[in-house]
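Notes to accompany the following structure.
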Amino acid sequence: MTDQYELTMLDAALADGTAERRCTFEVFARSLPHGRRYGVVAGVDRLLESLARFTFGPEEIRVLCDAGVRDRVAAYLEGHRFSGDVTGYPEGELYFPGSPVLSVTGTFAECVLLETLLLSILNHDCAVASAAARMASAANGRRLIEMGSRRTHEEAAVASARAAYLAGFAATSNLEAHRRYGVPTTGTSAHAFTLLHDTEADAFAAQVDALGVGTTLLVDTYDISRGIETAIEVAGPGLGAIRIDSGDVGVLAQQARAQLDRLGATGTRIVISGDLDEHAIAALRAEPVDAYGVGTSVVTGSGAPAAGMVYKLVEVEGRPVAKRSSSKESRGGAKSAVRRHRPTGTAVEEVVHRLDTPVEVGEHDRVVPVPLVTKGETATDLPTLDESREHLRRGLVAVPWEGLKLSRGEPAIPTTFVP
């Protein structure tokens with residue numbers, strides 16, 4: 001995937017002979033979404049897979065020529081593959097304003113073609129993962145299920161399920177995310193299944209007969225109290241779970257728990273869904289809720305649908321370059337970052353420095369960027385999705401406790417720029 005204005009720059013650079021200049025572009029966020037205290041890097045593996053497939057075959061060249069692309073551009077693109085280097089923050093890493101999330105080095109021509117591809121993946125996946133991580137923190141160990149496939153684009157739904165799992169969700173209802181990425185799946189029926197049957201009892205019996213008593217029954221199609229009673233009558237006290245999808249879910253969870261216990265279903269779990277976000281989940285922390293189903297808010301970044309990542313040229317032939325536009329400044333030079341920690345493991349500072357100005361790396365510090373692509377070849381030792389999920393869990397543990405608050409505040413870890 002590329003964009004017309006990228007081809008415009010490529011055309012002009014090929015014409016004036018600057019296309020082969022060696023350059024470094026960086027992906028970073030000037031700021032976090034309003035009130036957020038950290039961001040989560042997600043989509044790196046998807047990005048690398050897309051980069052490996054980023055080429056222009058005969059059909060693509062024909063379409064571009066039909067659209068008026070000049071012969072010199074078509075000749076350059078024919079069979080093109082990226083042959084440069086990429087370093088960046090690994091999947092599941094935290095990032096902060098100015099963090100060099102991705103550094104891309106190669107000729108201007110091959111680097112400029114990647115802007116739309118890289119930003120479309122990172123802006124989406126980082127937004128979803130950042131929101132999902134806040135929800136996971138608010139859930140405080142309770143199970144989270146991603147249920148937002150019907151609230152976003154069909155391909156975004158798969159990527160969202162992956163990003164949410166990376167950030168701490170336990171499962172998704174999206175089966176394609178399981179096929180592609182191995183994300184665990186779960187699900188229950190909708191109100192339509194209950195309405196299909198002559199009675200609620202008939203619907204529950206059909207579901208239990210098909211799926212066993214460990215299933216989750218949706219009890220709020222008609223009357224919740226009666227629905228719970230019917231569910232236990234049909235499935236017995238060993239019913240796996242009930243789901244409540246509407247109403248004042250905090251009060252309803254209390255009432256449901258008391259009713260289930262009176263009926264002897266002390267082990268039956270309560271799943272809450274319906275327009276939940278991190279704030280609603282936090283508000284339910286004291287209620288007898290066992291799991292949350294989250295849809296729209298997680299797949300849309302809970303109010304921040306894009307992570308605000310930008311892709312800027314920072315170095316040409318070893319010379320730092322920087323944009324100086326008011327409020328949109330960039331810092332010149334290819335950069336790296338060191339995250340400083342106390343001996344206890346708490347992260348205290350993000351030090352961003354130019355590669356030609358190395359900084360000391362202490363005993364408890366860590367260089368954050370890692371090699372991702374070298375001379376066009378993707379690194380072979382990158383972590384799995386589950387390893388990245390664990391990396392993020394450990395990273396959040398290292399954040400000072402005030403940095404995990406849902407209230408608005410400064411970034412959890414301050415960024416220092418070394419000239």
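All residue names refer to the structure tokens as shown: chains lettered A, B, ... in order, residues numbered from 1 in each chain, ligands numbered from 1 in order.
For Ser120 in chain A, the residues within 12 Å (counting only C-alpha atoms, excluding itself and residues fewer than 3 positions away along the chain) are Met1, Thr2, Asp3, Val27, Ala42, Gly43, Val44, Arg46, Leu47, Ser50, Leu114, Glu115, Thr116, Leu117, Asn123, His124, Asp125, Cys126, Ala127, Ala156, Ala159, Pro305, Ala306, Ala307, Gly308, Met309, Val310 and Tyr311 of chain A.
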Contacts of range 327-344 of chain A at 8 Å (only C-alpha atoms; same-chain gap of 2+ positions) as JSON, numbers by chain
{"A": [24, 25, 26, 30, 99, 100, 103, 312, 314, 315, 318, 319, 320, 321, 322, 323, 324, 325, 346, 347, 348, 349, 350, 351, 352, 353, 354, 355, 361, 362, 364, 365, 366, 367, 368, 369]}
Using DSSP on the backbone, list every residue of range 168-375 of chain A that comes out as strand (DSSP E), and give them as an NGL selection string.
:A and (171-172 or 216-218 or 241-244 or 269-273 or 291-294 or 309-316 or 319-320 or 335-341 or 347-354 or 366-367 or 370-374)
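Residues in contact with range 137-139 of chain A at up to 7 Å, not including ones fewer than 4 positions away on its chain and judged by only C-alpha atoms, are Ala133, Glu278, Ile281, Ala282 and Arg285 of chain A.
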Can you pull out every residue from range 228-416 of chain A that DSSP, working from the backbone, puts in alpha helix (DSSP H), and format the result as a ChimeraX atom specification?
/A:228-235,249-262,278-283,296-299,385-397
Generate a file of the selected residues that holds C-alpha atoms, formatted as a PDB file, in the first residue's frame.
```
ATOM      1  CA  ILE A 228     -31.396 -16.369  35.766  1.00  0.00           C
ATOM      2  CA  GLU A 229     -33.972 -18.596  37.419  1.00  0.00           C
ATOM      3  CA  THR A 230     -34.752 -20.264  34.095  1.00  0.00           C
ATOM      4  CA  ALA A 231     -31.064 -20.678  33.281  1.00  0.00           C
ATOM      5  CA  ILE A 232     -30.396 -22.602  36.490  1.00  0.00           C
ATOM      6  CA  GLU A 233     -33.584 -24.628  36.101  1.00  0.00           C
ATOM      7  CA  VAL A 234     -32.393 -25.723  32.648  1.00  0.00           C
ATOM      8  CA  ALA A 235     -28.643 -26.092  33.178  1.00  0.00           C
ATOM      9  CA  VAL A 249     -24.890  -3.487  35.192  1.00  0.00           C
ATOM     10  CA  GLY A 250     -23.296  -2.774  38.579  1.00  0.00           C
ATOM     11  CA  VAL A 251     -26.571  -3.128  40.471  1.00  0.00           C
ATOM     12  CA  LEU A 252     -27.670  -6.007  38.262  1.00  0.00           C
ATOM     13  CA  ALA A 253     -24.420  -7.869  38.935  1.00  0.00           C
ATOM     14  CA  GLN A 254     -24.981  -7.606  42.679  1.00  0.00           C
ATOM     15  CA  GLN A 255     -28.526  -8.858  42.352  1.00  0.00           C
ATOM     16  CA  ALA A 256     -27.498 -11.641  39.979  1.00  0.00           C
ATOM     17  CA  ARG A 257     -24.743 -12.843  42.303  1.00  0.00           C
ATOM     18  CA  ALA A 258     -27.128 -12.974  45.259  1.00  0.00           C
ATOM     19  CA  GLN A 259     -29.738 -14.832  43.218  1.00  0.00           C
ATOM     20  CA  LEU A 260     -27.240 -17.328  41.793  1.00  0.00           C
ATOM     21  CA  ASP A 261     -25.908 -18.062  45.264  1.00  0.00           C
ATOM     22  CA  ARG A 262     -29.440 -18.612  46.612  1.00  0.00           C
ATOM     23  CA  GLU A 278     -11.835   1.535  30.878  1.00  0.00           C
ATOM     24  CA  HIS A 279     -13.722   3.975  33.090  1.00  0.00           C
ATOM     25  CA  ALA A 280     -16.836   1.804  33.237  1.00  0.00           C
ATOM     26  CA  ILE A 281     -14.687  -1.241  33.991  1.00  0.00           C
ATOM     27  CA  ALA A 282     -12.911   0.607  36.799  1.00  0.00           C
ATOM     28  CA  ALA A 283     -16.280   1.647  38.237  1.00  0.00           C
ATOM     29  CA  THR A 296     -16.763  -0.537  20.345  1.00  0.00           C
ATOM     30  CA  SER A 297     -14.461   1.247  22.774  1.00  0.00           C
ATOM     31  CA  VAL A 298     -11.512  -1.099  22.354  1.00  0.00           C
ATOM     32  CA  VAL A 299     -11.553  -1.355  18.549  1.00  0.00           C
ATOM     33  CA  LEU A 385       2.855 -12.793  20.286  1.00  0.00           C
ATOM     34  CA  ASP A 386       2.649 -14.432  23.707  1.00  0.00           C
ATOM     35  CA  GLU A 387       6.215 -13.373  24.515  1.00  0.00           C
ATOM     36  CA  SER A 388       5.362  -9.804  23.515  1.00  0.00           C
ATOM     37  CA  ARG A 389       2.260  -9.989  25.691  1.00  0.00           C
ATOM     38  CA  GLU A 390       4.432 -10.951  28.652  1.00  0.00           C
ATOM     39  CA  HIS A 391       6.921  -8.194  27.762  1.00  0.00           C
ATOM     40  CA  LEU A 392       4.135  -5.623  28.023  1.00  0.00           C
ATOM     41  CA  ARG A 393       2.921  -7.065  31.324  1.00  0.00           C
ATOM     42  CA  ARG A 394       6.416  -6.670  32.777  1.00  0.00           C
ATOM     43  CA  GLY A 395       6.720  -3.189  31.287  1.00  0.00           C
ATOM     44  CA  LEU A 396       3.532  -2.036  32.980  1.00  0.00           C
ATOM     45  CA  VAL A 397       4.744  -3.440  36.290  1.00  0.00           C
TER      46      VAL A 397
END
```
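Take the candidates A:Ala109, A:Cys23, A:Leu166, A:Leu239 and check each one against Leu263 in chain A using only C-alpha atoms; the shortest distance goes to A:Leu239.
Take the candidates A:Gly214, A:Gly79, A:Gly35, A:Gly17 and check each one against Ser407 in chain A using only C-alpha atoms; the shortest distance goes to A:Gly35.
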Set the distance at 12 Å and use only C-alpha atoms: which residues neighbour Lys375 in chain A once local chain neighbours fewer than 2 positions away are removed? I'd like the list as a ChimeraX atom specification.
/A:52,81-87,104-107,371-373,377-379
May I have the residues within 6 Å of Tyr38 in chain A as an NGL selection string, using only C-alpha atoms and disregarding those fewer than 2 positions away in the same chain?
:A and (36 or 96 or 411)
Can you work out which one of A:Leu217, A:Leu113, A:Leu7, A:Ala15 has the shortest atom-to-atom distance to Ala67 in chain A, counting only C-alpha atoms?
A:Leu7
Can you work out which one of A:Glu363, A:Cys111, A:Tyr5, A:Gly236 has the shortest atom-to-atom distance to Val208 in chain A, counting only C-alpha atoms?
A:Gly236
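Proximity to Ala136 in chain A was assessed for A:Leu195, A:Ile61, A:Leu404, A:Ala398 counting only C-alpha atoms; the smallest distance is recorded for A:Leu404.
Between Thr172 in chain A and the residues A:Tyr292, A:Phe54, A:Tyr76, A:Phe417, the shortest atom-to-atom distance, using only C-alpha atoms, involves A:Tyr292.
Put simply, CA of Ala12 in chain A is 28.3 Å away from CA of Val101 in chain A.
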Between CA of Thr268 in chain A and CA of Thr216 in chain A, distance in Å (one decimal):
9.1 Å
